[in-house]
file target_25.cif (mmCIF, C-alpha atoms and all ligand atoms)
data_model
loop_
_atom_site.label_atom_id
_atom_site.label_comp_id
_atom_site.auth_asym_id
_atom_site.auth_seq_id
_atom_site.Cartn_x
_atom_site.Cartn_y
_atom_site.Cartn_z
CA MET A 1198 -26.69 -46.07 -24.46
CA LEU A 1199 -23.19 -46.24 -23.00
CA PRO A 1200 -22.71 -46.86 -19.27
CA LEU A 1201 -22.12 -43.64 -17.30
CA LYS A 1202 -18.38 -44.20 -16.84
CA LYS A 1203 -17.85 -44.57 -20.57
CA GLN A 1204 -19.72 -41.33 -21.24
CA GLU A 1205 -17.68 -39.49 -18.64
CA ARG A 1206 -14.46 -40.80 -20.15
CA VAL A 1207 -15.56 -39.83 -23.66
CA ARG A 1208 -16.42 -36.29 -22.49
CA MET A 1209 -13.09 -35.96 -20.73
CA LEU A 1210 -11.23 -37.31 -23.78
CA ALA A 1211 -13.01 -34.76 -25.97
CA ALA A 1212 -11.82 -31.98 -23.64
CA VAL A 1213 -8.22 -33.29 -23.70
CA HIS A 1214 -8.21 -33.69 -27.48
CA SER A 1215 -9.64 -30.21 -28.01
CA ARG A 1216 -6.55 -28.84 -26.27
CA GLY A 1217 -4.14 -31.03 -28.23
CA ALA A 1218 -3.39 -34.48 -26.83
CA ALA A 1219 0.34 -34.67 -26.17
CA PHE A 1220 0.76 -38.42 -26.63
CA THR A 1221 -1.17 -38.94 -29.88
CA ALA A 1222 1.90 -38.94 -32.14
CA ILE A 1223 3.81 -41.35 -29.86
CA ARG A 1224 0.78 -43.61 -29.67
CA VAL A 1225 0.53 -43.73 -33.48
CA VAL A 1226 4.26 -44.56 -33.82
CA VAL A 1227 4.06 -47.39 -31.25
CA ILE A 1228 0.93 -48.95 -32.76
CA THR A 1229 2.33 -48.67 -36.30
CA LEU A 1230 5.44 -50.54 -35.15
CA SER A 1231 3.31 -53.16 -33.46
CA LEU A 1232 1.08 -53.67 -36.49
CA GLY A 1233 4.13 -53.58 -38.79
CA ILE A 1234 5.71 -56.50 -36.90
CA LEU A 1235 2.44 -58.45 -37.07
CA LEU A 1236 2.25 -57.89 -40.85
CA ALA A 1237 5.95 -58.40 -41.60
CA ILE A 1238 6.25 -61.88 -40.04
CA PRO A 1239 3.93 -63.67 -42.53
CA LEU A 1240 4.63 -61.31 -45.46
CA LEU A 1241 8.39 -61.91 -45.25
CA GLY A 1242 7.76 -65.64 -44.91
CA ILE A 1243 9.27 -65.75 -41.42
CA VAL A 1244 6.28 -67.86 -40.34
CA GLN A 1245 3.14 -68.70 -42.26
CA VAL A 1246 0.82 -71.64 -41.78
CA ASP A 1247 -1.13 -71.76 -45.04
CA LEU A 1248 -4.44 -73.46 -44.39
CA TRP A 1249 -5.49 -72.94 -48.02
CA ARG A 1250 -3.03 -74.89 -50.16
CA GLY A 1251 -0.44 -75.98 -47.64
CA HIS A 1252 2.47 -73.75 -48.72
CA HIS A 1253 3.77 -73.40 -45.18
CA LEU A 1254 6.79 -71.18 -44.63
CA LEU A 1255 9.47 -70.87 -41.99
CA LEU A 1256 12.37 -68.42 -42.37
CA GLY A 1257 11.57 -68.10 -46.08
CA LYS A 1258 11.66 -71.86 -46.80
CA SER A 1259 8.82 -74.27 -47.57
CA VAL A 1260 8.24 -76.63 -44.65
CA ASP A 1261 5.67 -79.18 -43.47
CA ILE A 1262 2.79 -78.07 -41.28
CA ILE A 1263 4.29 -79.39 -38.01
CA THR A 1264 7.50 -77.39 -38.53
CA ALA A 1265 5.48 -74.29 -39.46
CA LEU A 1266 3.33 -74.69 -36.34
CA LYS A 1267 6.48 -75.01 -34.21
CA GLY A 1268 7.70 -71.76 -35.83
CA PHE A 1269 4.36 -70.16 -35.00
CA VAL A 1270 4.70 -71.17 -31.34
CA VAL A 1271 8.28 -69.83 -31.20
CA ALA A 1272 7.21 -66.52 -32.85
CA MET A 1273 4.39 -66.17 -30.31
CA MET A 1274 6.78 -66.89 -27.46
CA VAL A 1275 9.24 -64.25 -28.72
CA ILE A 1276 6.46 -61.64 -29.05
CA TYR A 1277 5.00 -62.61 -25.71
CA GLY A 1278 8.48 -62.68 -24.08
CA GLY A 1279 9.02 -59.07 -25.23
CA THR A 1280 5.79 -57.94 -23.61
CA PHE A 1281 6.55 -60.01 -20.50
CA ILE A 1282 9.91 -58.26 -20.01
CA SER A 1283 8.36 -54.84 -20.57
CA ASN A 1284 5.61 -55.83 -18.11
CA MET A 1285 8.22 -56.40 -15.39
CA VAL A 1286 9.65 -52.91 -15.88
CA VAL A 1287 6.76 -50.68 -16.93
CA GLY A 1288 3.72 -52.82 -16.16
CA ARG A 1289 1.04 -53.16 -18.80
CA PHE A 1290 2.57 -50.60 -21.13
CA PHE A 1291 1.92 -52.89 -24.12
CA CYS A 1292 -1.82 -52.98 -23.28
CA GLY A 1293 -2.04 -49.18 -23.30
CA TRP A 1294 0.20 -48.39 -26.26
CA GLY A 1295 1.10 -51.37 -28.44
CA CYS A 1296 -1.97 -53.60 -28.49
CA PRO A 1297 -4.09 -53.23 -31.66
CA VAL A 1298 -7.21 -54.37 -29.76
CA GLY A 1299 -6.77 -51.48 -27.31
CA PHE A 1300 -6.29 -49.13 -30.26
CA VAL A 1301 -9.61 -50.30 -31.73
CA SER A 1302 -11.25 -49.16 -28.46
CA ARG A 1303 -9.88 -45.67 -29.11
CA PHE A 1304 -11.46 -45.55 -32.55
CA GLY A 1305 -14.84 -46.33 -30.96
CA GLU A 1306 -14.26 -43.45 -28.55
CA ASP A 1307 -13.20 -41.13 -31.38
CA VAL A 1308 -16.51 -41.82 -33.14
CA ALA A 1309 -18.41 -41.13 -29.90
CA ASN A 1310 -16.35 -37.93 -29.49
CA ALA A 1311 -17.05 -36.55 -32.95
CA ARG A 1312 -19.08 -33.35 -32.90
CA THR A 1313 -20.01 -33.16 -36.58
CA LYS A 1314 -21.37 -35.74 -39.01
CA ARG A 1315 -18.30 -35.25 -41.17
CA SER A 1316 -15.81 -36.00 -38.39
CA LYS A 1317 -17.95 -38.94 -37.25
CA LEU A 1318 -17.81 -40.38 -40.78
CA LEU A 1319 -14.06 -39.72 -40.96
CA ASN A 1320 -13.49 -41.47 -37.64
CA HIS A 1321 -15.65 -44.38 -38.78
CA LEU A 1322 -13.55 -44.71 -41.94
CA LYS A 1323 -10.25 -44.49 -40.02
CA GLY A 1324 -11.49 -47.09 -37.51
CA ALA A 1325 -12.76 -49.40 -40.26
CA GLY A 1326 -9.41 -49.11 -42.07
CA PHE A 1327 -7.46 -49.90 -38.91
CA VAL A 1328 -9.68 -52.85 -37.95
CA GLY A 1329 -9.43 -54.18 -41.52
CA THR A 1330 -5.63 -53.91 -41.55
CA PHE A 1331 -5.36 -55.60 -38.16
CA ILE A 1332 -7.57 -58.49 -39.30
CA ILE A 1333 -5.63 -58.87 -42.55
CA ALA A 1334 -2.41 -59.03 -40.48
CA VAL A 1335 -3.87 -61.81 -38.31
CA MET A 1336 -5.27 -63.74 -41.30
CA LEU A 1337 -1.96 -63.55 -43.20
CA TRP A 1338 -0.47 -65.81 -40.53
CA TRP A 1339 -2.95 -68.51 -41.58
CA VAL A 1340 -3.63 -68.13 -45.27
CA ASP A 1341 -1.64 -67.13 -48.35
CA PRO A 1342 -3.24 -63.92 -49.75
CA MET A 1343 -3.03 -65.46 -53.24
CA VAL A 1344 -6.17 -67.34 -52.24
CA MET A 1345 -8.11 -64.29 -53.42
CA VAL A 1346 -6.54 -64.56 -56.90
CA GLU A 1347 -5.96 -68.25 -57.51
CA GLY A 1348 -8.33 -69.86 -55.01
CA SER A 1349 -11.61 -71.58 -55.83
CA TRP A 1350 -14.81 -69.64 -55.23
CA THR A 1351 -15.38 -71.69 -52.08
CA ALA A 1352 -11.93 -70.81 -50.74
CA ARG A 1353 -12.46 -67.12 -51.55
CA LEU A 1354 -15.89 -67.06 -49.95
CA VAL A 1355 -14.62 -68.77 -46.79
CA THR A 1356 -11.76 -66.22 -46.56
CA ILE A 1357 -14.14 -63.29 -47.07
CA GLY A 1358 -16.59 -64.79 -44.55
CA VAL A 1359 -13.91 -65.13 -41.85
CA PHE A 1360 -12.74 -61.58 -42.56
CA ALA A 1361 -16.30 -60.22 -42.31
CA LEU A 1362 -16.95 -62.07 -39.04
CA LEU A 1363 -13.74 -60.75 -37.46
CA TRP A 1364 -14.48 -57.27 -38.78
CA ALA A 1365 -17.94 -57.34 -37.19
CA GLY A 1366 -16.25 -58.45 -33.94
CA GLY A 1367 -13.92 -55.44 -34.24
CA PHE A 1368 -16.92 -53.10 -34.50
CA GLY A 1369 -18.59 -54.78 -31.53
CA HIS A 1370 -15.42 -54.23 -29.57
CA ALA A 1371 -15.11 -50.57 -30.60
CA PHE A 1372 -18.68 -49.67 -29.75
CA MET A 1373 -19.60 -51.96 -26.88
CA TRP A 1374 -16.74 -53.57 -24.98
CA ARG A 1375 -13.76 -51.29 -25.41
CA PHE A 1376 -11.31 -51.34 -22.48
CA GLY A 1377 -13.56 -53.64 -20.39
CA PHE A 1378 -12.31 -56.37 -22.74
CA CYS A 1379 -8.66 -55.65 -21.78
CA LEU A 1380 -9.52 -55.87 -18.10
CA ASN A 1381 -11.91 -58.82 -17.99
CA VAL A 1382 -11.63 -60.92 -21.14
CA CYS A 1383 -8.27 -60.70 -22.92
CA PRO A 1384 -6.23 -63.75 -21.80
CA ILE A 1385 -2.95 -61.79 -21.91
CA GLY A 1386 -4.53 -58.91 -19.97
CA LEU A 1387 -5.96 -61.30 -17.38
CA TYR A 1388 -2.61 -62.99 -17.00
CA TYR A 1389 -0.90 -59.62 -16.50
CA ARG A 1390 -3.59 -58.68 -14.02
CA PHE A 1391 -2.44 -61.51 -11.79
CA VAL A 1392 1.33 -61.31 -12.30
CA THR A 1393 1.84 -57.52 -12.36
CA SER A 1394 2.37 -56.61 -8.77
CA ARG A 1395 5.54 -54.59 -8.53
CA ALA A 1396 6.41 -52.90 -11.82
CA PRO A 1397 8.70 -50.09 -10.70
CA VAL A 1398 7.75 -47.60 -13.42
CA GLY A 1399 4.26 -46.30 -14.01
CA ILE A 1400 2.08 -43.34 -13.19
CA ALA A 1401 3.62 -41.33 -10.38
CA PHE A 1402 1.83 -38.77 -8.25
CA ILE A 1403 3.61 -35.85 -6.56
CA GLU A 1404 2.30 -35.91 -3.03
CA VAL A 1405 4.43 -33.70 -0.82
CA PRO A 1406 3.57 -30.91 -1.17
CA SER A 1407 0.73 -31.93 -3.43
CA PRO A 1408 -0.17 -29.54 -6.23
CA CYS A 1409 -3.34 -31.62 -6.80
CA ILE A 1410 -6.51 -29.53 -6.87
CA GLU A 1411 -8.77 -32.60 -6.49
CA CYS A 1412 -10.58 -31.87 -9.74
CA GLY A 1413 -11.22 -35.57 -10.41
CA ALA A 1414 -10.37 -35.34 -14.13
CA CYS A 1415 -7.83 -38.17 -13.93
CA GLU A 1416 -10.33 -40.55 -12.34
CA LYS A 1417 -13.05 -39.69 -14.84
CA ILE A 1418 -10.82 -40.41 -17.82
CA CYS A 1419 -9.28 -43.67 -16.58
CA PRO A 1420 -10.55 -46.47 -18.86
CA VAL A 1421 -10.16 -49.12 -16.15
CA ASN A 1422 -11.84 -47.22 -13.30
CA ILE A 1423 -8.94 -46.70 -10.92
CA ASP A 1424 -7.73 -43.66 -9.03
CA PRO A 1425 -4.41 -42.69 -10.67
CA LYS A 1426 -3.43 -40.64 -7.61
CA ALA A 1427 -3.08 -43.79 -5.49
CA LEU A 1428 -1.48 -45.94 -8.18
CA GLY A 1429 1.47 -48.10 -7.30
CA LYS A 1430 1.25 -47.44 -3.61
CA GLU A 1431 1.54 -50.38 -1.35
CA VAL A 1432 -1.74 -51.67 0.04
CA VAL A 1433 -1.33 -52.31 3.76
CA GLN A 1434 -2.04 -55.93 4.56
CA GLU A 1435 -4.07 -57.19 7.50
CA ALA A 1436 -1.92 -58.13 10.51
CA THR A 1437 -2.59 -61.83 9.87
CA ASN A 1438 -1.39 -61.41 6.31
CA TYR A 1439 1.78 -59.50 6.96
CA ASP A 1440 3.91 -62.25 5.40
CA ALA A 1441 2.05 -62.06 2.10
CA GLU A 1442 3.62 -60.44 -0.95
CA PRO A 1443 2.76 -56.72 -0.77
CA GLU A 1444 0.09 -55.60 -3.20
CA ARG A 1445 0.07 -52.31 -5.02
CA TYR A 1446 -3.07 -50.33 -5.53
CA GLY A 1447 -4.30 -50.69 -9.11
CA ASP A 1448 -0.90 -51.53 -10.54
CA ALA A 1449 -2.10 -54.74 -12.18
CA GLU A 1450 -5.10 -53.01 -13.75
CA CYS A 1451 -3.37 -49.83 -14.95
CA ILE A 1452 -2.61 -50.17 -18.67
CA ARG A 1453 -0.17 -47.21 -18.55
CA CYS A 1454 -2.23 -45.48 -21.25
CA GLY A 1455 -1.26 -42.04 -19.95
CA ASP A 1456 -4.76 -40.60 -20.35
CA CYS A 1457 -4.79 -39.49 -16.71
CA VAL A 1458 -1.45 -37.71 -17.22
CA GLU A 1459 -2.87 -35.91 -20.25
CA ALA A 1460 -6.05 -34.95 -18.37
CA CYS A 1461 -3.98 -33.57 -15.50
CA ARG A 1462 -1.76 -31.60 -17.90
CA MET A 1463 -4.87 -30.18 -19.55
CA VAL A 1464 -6.14 -28.99 -16.16
CA PHE A 1465 -2.79 -27.37 -15.38
CA LYS A 1466 -2.61 -25.55 -18.71
CA LYS A 1467 -4.92 -23.05 -17.03
CA ARG A 1468 -2.51 -22.74 -14.06
CA PRO A 1469 0.74 -21.37 -15.48
CA GLY A 1470 3.81 -21.93 -13.32
CA GLU A 1471 2.27 -24.88 -11.45
CA VAL A 1472 3.47 -28.46 -11.98
CA PRO A 1473 0.85 -31.15 -12.74
CA PRO A 1474 1.03 -33.81 -10.02
CA LEU A 1475 0.64 -36.80 -12.37
CA ARG A 1476 3.45 -37.98 -14.63
CA PHE A 1477 5.17 -41.11 -15.91
CA GLY A 1478 7.99 -42.18 -13.62
CA ARG A 1479 9.03 -44.39 -10.71
CA VAL A 1480 6.17 -45.25 -8.42
CA ASP A 1481 6.58 -44.93 -4.65
CA GLU A 1482 5.51 -47.39 -2.00
CA THR A 1483 3.56 -45.25 0.44
CA PRO A 1484 0.85 -47.28 2.21
CA VAL A 1485 -2.53 -46.34 0.82
CA GLU A 1486 -5.32 -48.19 2.63
CA GLN A 1487 -6.00 -50.84 5.23
CA LYS A 1488 -7.24 -54.13 3.82
CA THR A 1489 -10.36 -55.33 5.51
CA GLY A 1490 -10.95 -58.71 3.85
S1 LIG B 1 -4.42 -44.90 -14.13
FE1 LIG B 1 -3.93 -43.53 -15.84
S2 LIG B 1 -2.45 -44.67 -17.07
FE2 LIG B 1 -3.45 -46.16 -15.72
S3 LIG B 1 -5.13 -46.96 -16.91
FE3 LIG B 1 -5.97 -45.26 -15.70
S4 LIG B 1 -5.77 -43.48 -17.07
FE4 LIG B 1 -4.47 -45.08 -17.96
S1 LIG B 2 -6.29 -34.45 -12.71
FE1 LIG B 2 -4.46 -33.81 -11.57
S2 LIG B 2 -5.19 -32.11 -10.31
FE2 LIG B 2 -7.05 -33.19 -10.99
S3 LIG B 2 -7.44 -34.69 -9.33
FE3 LIG B 2 -6.15 -35.72 -10.84
S4 LIG B 2 -4.05 -35.43 -10.07
FE4 LIG B 2 -5.35 -33.93 -9.00
#
call {"tool": "encode", "arguments": {"input": "target_25.cif", "output": "structure tokens"}}
result
Amino acid sequence: MLPLKKQERVRMLAAVHSRGAAFTAIRVVVITLSLGILLAIPLLGIVQVDLWRGHHLLLGKSVDIITALKGFVVAMMVIYGGTFISNMVVGRFFCGWGCPVGFVSRFGEDVANARTKRSKLLNHLKGAGFVGTFIIAVMLWWVDPMVMVEGSWTARLVTIGVFALLWAGGFGHAFMWRFGFCLNVCPIGLYYRFVTSRAPVGIAFIEVPSPCIECGACEKICPVNIDPKALGKEVVQEATNYDAEPERYGDAECIRCGDCVEACRMVFKKRPGEVPPLRFGRVDETPVEQKTG
């Protein structure tokens, strides 16, 4: 049985999807790009550390393992650097849109959302296909795929065993951990949680005059349990702490997934002529609460 918050989110997601989720196509494009980069690097021989027969590659040339590992570190730094720069501008946008692990969480939710056996099966198959492709992309960095054709039976069985273990982990993630992993376990997510304090762009809330009808849909759908209406606002420090770097409510936890914006839009579809108060944009710095600790 899922914890209450997860059930509420799944119900709210089902309502949003039944009215046509606006961001689905964009989300698919971003994740395809992300997965494409992950696949292209080893497949094009930009970097591959081949733990099977030692045919290591760097920029299309055969190299020794130390050089290939250096290339691996540089590739990771480039990928990470890209997300770090985007984190400074739009916060944890990568977590909400470009991270394959986050996308796996959505497949778990799609299965929970399915109303018929047929759509449940279809969502299972789509999720299994995505998880499989993601794992293949990760494994290609470490083993030449020819292992399945030319490798010994031991090498093939080890490769299949690693794939099966990672695949099972993907299912565990989709059905049990989901976005809690992004918030509490993922090393990149945890790092962002501590360094993201003042990203200027995120989820903005129109406050004056506020069109908000206090329906609570945005809070129910948020995968990381924050109130999107207060996001990005400066948390007032205690008098003794007034020199400290200002904190922003929930900014380091918000993965910029946009689900709250979609939920709010869904609510306002029934209120023609009125503007939904939640949107992507510059966040303001209105004080939101007095710190007590
Ligand atoms: S506040 Fe909105 S954008 Fe941020 S994590 Fe929650 S639902 Fe996603
Ligand atoms: S979904 Fe929109 S209208 Fe409802 S509480 Fe959130 S901001 Fe207000």
call {"tool": "axis_aligned_box", "arguments": {"input": "target_25.cif", "around": "ligand LIG 2 (chain B)", "padding_each_side": "4 Å", "output": "JSON"}}
result
{"center_x": -5.7, "center_y": -33.9, "center_z": -10.9, "size_x": 11.4, "size_y": 11.6, "size_z": 11.7}
call {"tool": "residues_near_ligand", "arguments": {"input": "target_25.cif", "ligand": "ligand LIG 1 (chain B)", "cutoff": "7 Å", "atoms": "only C-alpha atoms and all ligand atoms", "output": "PDB file with C-alpha atoms, in the frame of the given file"}}
result
ATOM      1  CA  ILE A1400       2.080 -43.340 -13.190  1.00  0.00           C
ATOM      2  CA  CYS A1415      -7.830 -38.170 -13.930  1.00  0.00           C
ATOM      3  CA  ILE A1418     -10.820 -40.410 -17.820  1.00  0.00           C
ATOM      4  CA  CYS A1419      -9.280 -43.670 -16.580  1.00  0.00           C
ATOM      5  CA  PRO A1420     -10.550 -46.470 -18.860  1.00  0.00           C
ATOM      6  CA  VAL A1421     -10.160 -49.120 -16.150  1.00  0.00           C
ATOM      7  CA  ASN A1422     -11.840 -47.220 -13.300  1.00  0.00           C
ATOM      8  CA  ILE A1423      -8.940 -46.700 -10.920  1.00  0.00           C
ATOM      9  CA  ASP A1424      -7.730 -43.660  -9.030  1.00  0.00           C
ATOM     10  CA  PRO A1425      -4.410 -42.690 -10.670  1.00  0.00           C
ATOM     11  CA  LEU A1428      -1.480 -45.940  -8.180  1.00  0.00           C
ATOM     12  CA  GLU A1450      -5.100 -53.010 -13.750  1.00  0.00           C
ATOM     13  CA  CYS A1451      -3.370 -49.830 -14.950  1.00  0.00           C
ATOM     14  CA  ILE A1452      -2.610 -50.170 -18.670  1.00  0.00           C
ATOM     15  CA  ARG A1453      -0.170 -47.210 -18.550  1.00  0.00           C
ATOM     16  CA  CYS A1454      -2.230 -45.480 -21.250  1.00  0.00           C
ATOM     17  CA  GLY A1455      -1.260 -42.040 -19.950  1.00  0.00           C
ATOM     18  CA  ASP A1456      -4.760 -40.600 -20.350  1.00  0.00           C
ATOM     19  CA  CYS A1457      -4.790 -39.490 -16.710  1.00  0.00           C
ATOM     20  CA  VAL A1458      -1.450 -37.710 -17.220  1.00  0.00           C
TER      21      VAL A1458
END
call {"tool": "closest_atom_pairs", "arguments": {"input": "target_25.cif", "of": "chain A", "to": "ligand LIG 2 (chain B)", "cutoff": "6 Å", "atoms": "only C-alpha atoms and all ligand atoms", "output": "Markdown table"}}
result
| residue | atom | partner | partner_atom | distance |
| --- | --- | --- | --- | --- |
| A:Cys1409 | CA | B:LIG2 | FE4 | 3.8 |
| A:Ile1410 | CA | B:LIG2 | S2 | 4.5 |
| A:Glu1411 | CA | B:LIG2 | S3 | 3.8 |
| A:Cys1412 | CA | B:LIG2 | FE2 | 4.0 |
| A:Gly1413 | CA | B:LIG2 | S3 | 4.0 |
| A:Ala1414 | CA | B:LIG2 | S1 | 4.4 |
| A:Cys1415 | CA | B:LIG2 | S1 | 4.2 |
| A:Lys1426 | CA | B:LIG2 | S4 | 5.8 |
| A:Ala1460 | CA | B:LIG2 | S1 | 5.7 |
| A:Cys1461 | CA | B:LIG2 | S1 | 3.7 |
| A:Pro1474 | CA | B:LIG2 | S4 | 5.3 |
| A:Leu1475 | CA | B:LIG2 | S4 | 5.4 |
call {"tool": "closest_residue", "arguments": {"input": "target_25.cif", "among": "A:Met1343, A:Leu1230, A:Val1270, A:Ala1325", "to": "A:Val1301", "atoms": "all atoms listed in the file"}}
result
A:Ala1325
call {"tool": "atom_distance", "arguments": {"input": "target_25.cif", "atom1": "atom CA of A:Arg1390", "atom2": "atom CA of A:Asp1448"}}
result
8.4 Å
call {"tool": "atom_distance", "arguments": {"input": "target_25.cif", "atom1": "atom CA of A:Ser1283", "atom2": "atom CA of A:Val1226"}}
result
17.3 Å
call {"tool": "atom_distance", "arguments": {"input": "target_25.cif", "atom1": "atom CA of A:Trp1249", "atom2": "atom CA of A:Phe1368"}}
result
26.6 Å
call {"tool": "closest_residue", "arguments": {"input": "target_25.cif", "among": "A:Leu1256, A:Val1213, A:Cys1379, A:Leu1235", "to": "A:Met1463", "atoms": "only C-alpha atoms"}}
result
A:Val1213
call {"tool": "closest_residue", "arguments": {"input": "target_25.cif", "among": "A:Ile1243, A:Met1336, A:Val1405, A:Leu1319", "to": "A:Thr1356", "atoms": "all atoms listed in the file"}}
result
A:Met1336
call {"tool": "residues_around", "arguments": {"input": "target_25.cif", "residues": "A:Thr1264", "least_positions_apart": "3", "cutoff": "10 Å", "atoms": "all atoms listed in the file", "output": "list of chain:residue names"}}
result
A:Val1244, A:Val1246, A:His1253, A:Leu1254, A:Leu1255, A:Ser1259, A:Val1260, A:Asp1261, A:Lys1267, A:Gly1268, A:Phe1269, A:Val1270
call {"tool": "residues_around", "arguments": {"input": "target_25.cif", "residues": "A:Pro1239", "least_positions_apart": "6", "cutoff": "9 Å", "atoms": "only C-alpha atoms", "output": "NGL selection string"}}
result
:A and (1245-1246 or 1254 or 1334 or 1337-1339 or 1341)
call {"tool": "closest_residue", "arguments": {"input": "target_25.cif", "among": "A:Val1271, A:Ala1212, A:Ile1262, A:Leu1236", "to": "A:Arg1250", "atoms": "only C-alpha atoms"}}
result
A:Ile1262
call {"tool": "closest_residue", "arguments": {"input": "target_25.cif", "among": "A:Leu1380, A:Val1433, A:Val1480, A:Met1373", "to": "A:Arg1395", "atoms": "all atoms listed in the file"}}
result
A:Val1480
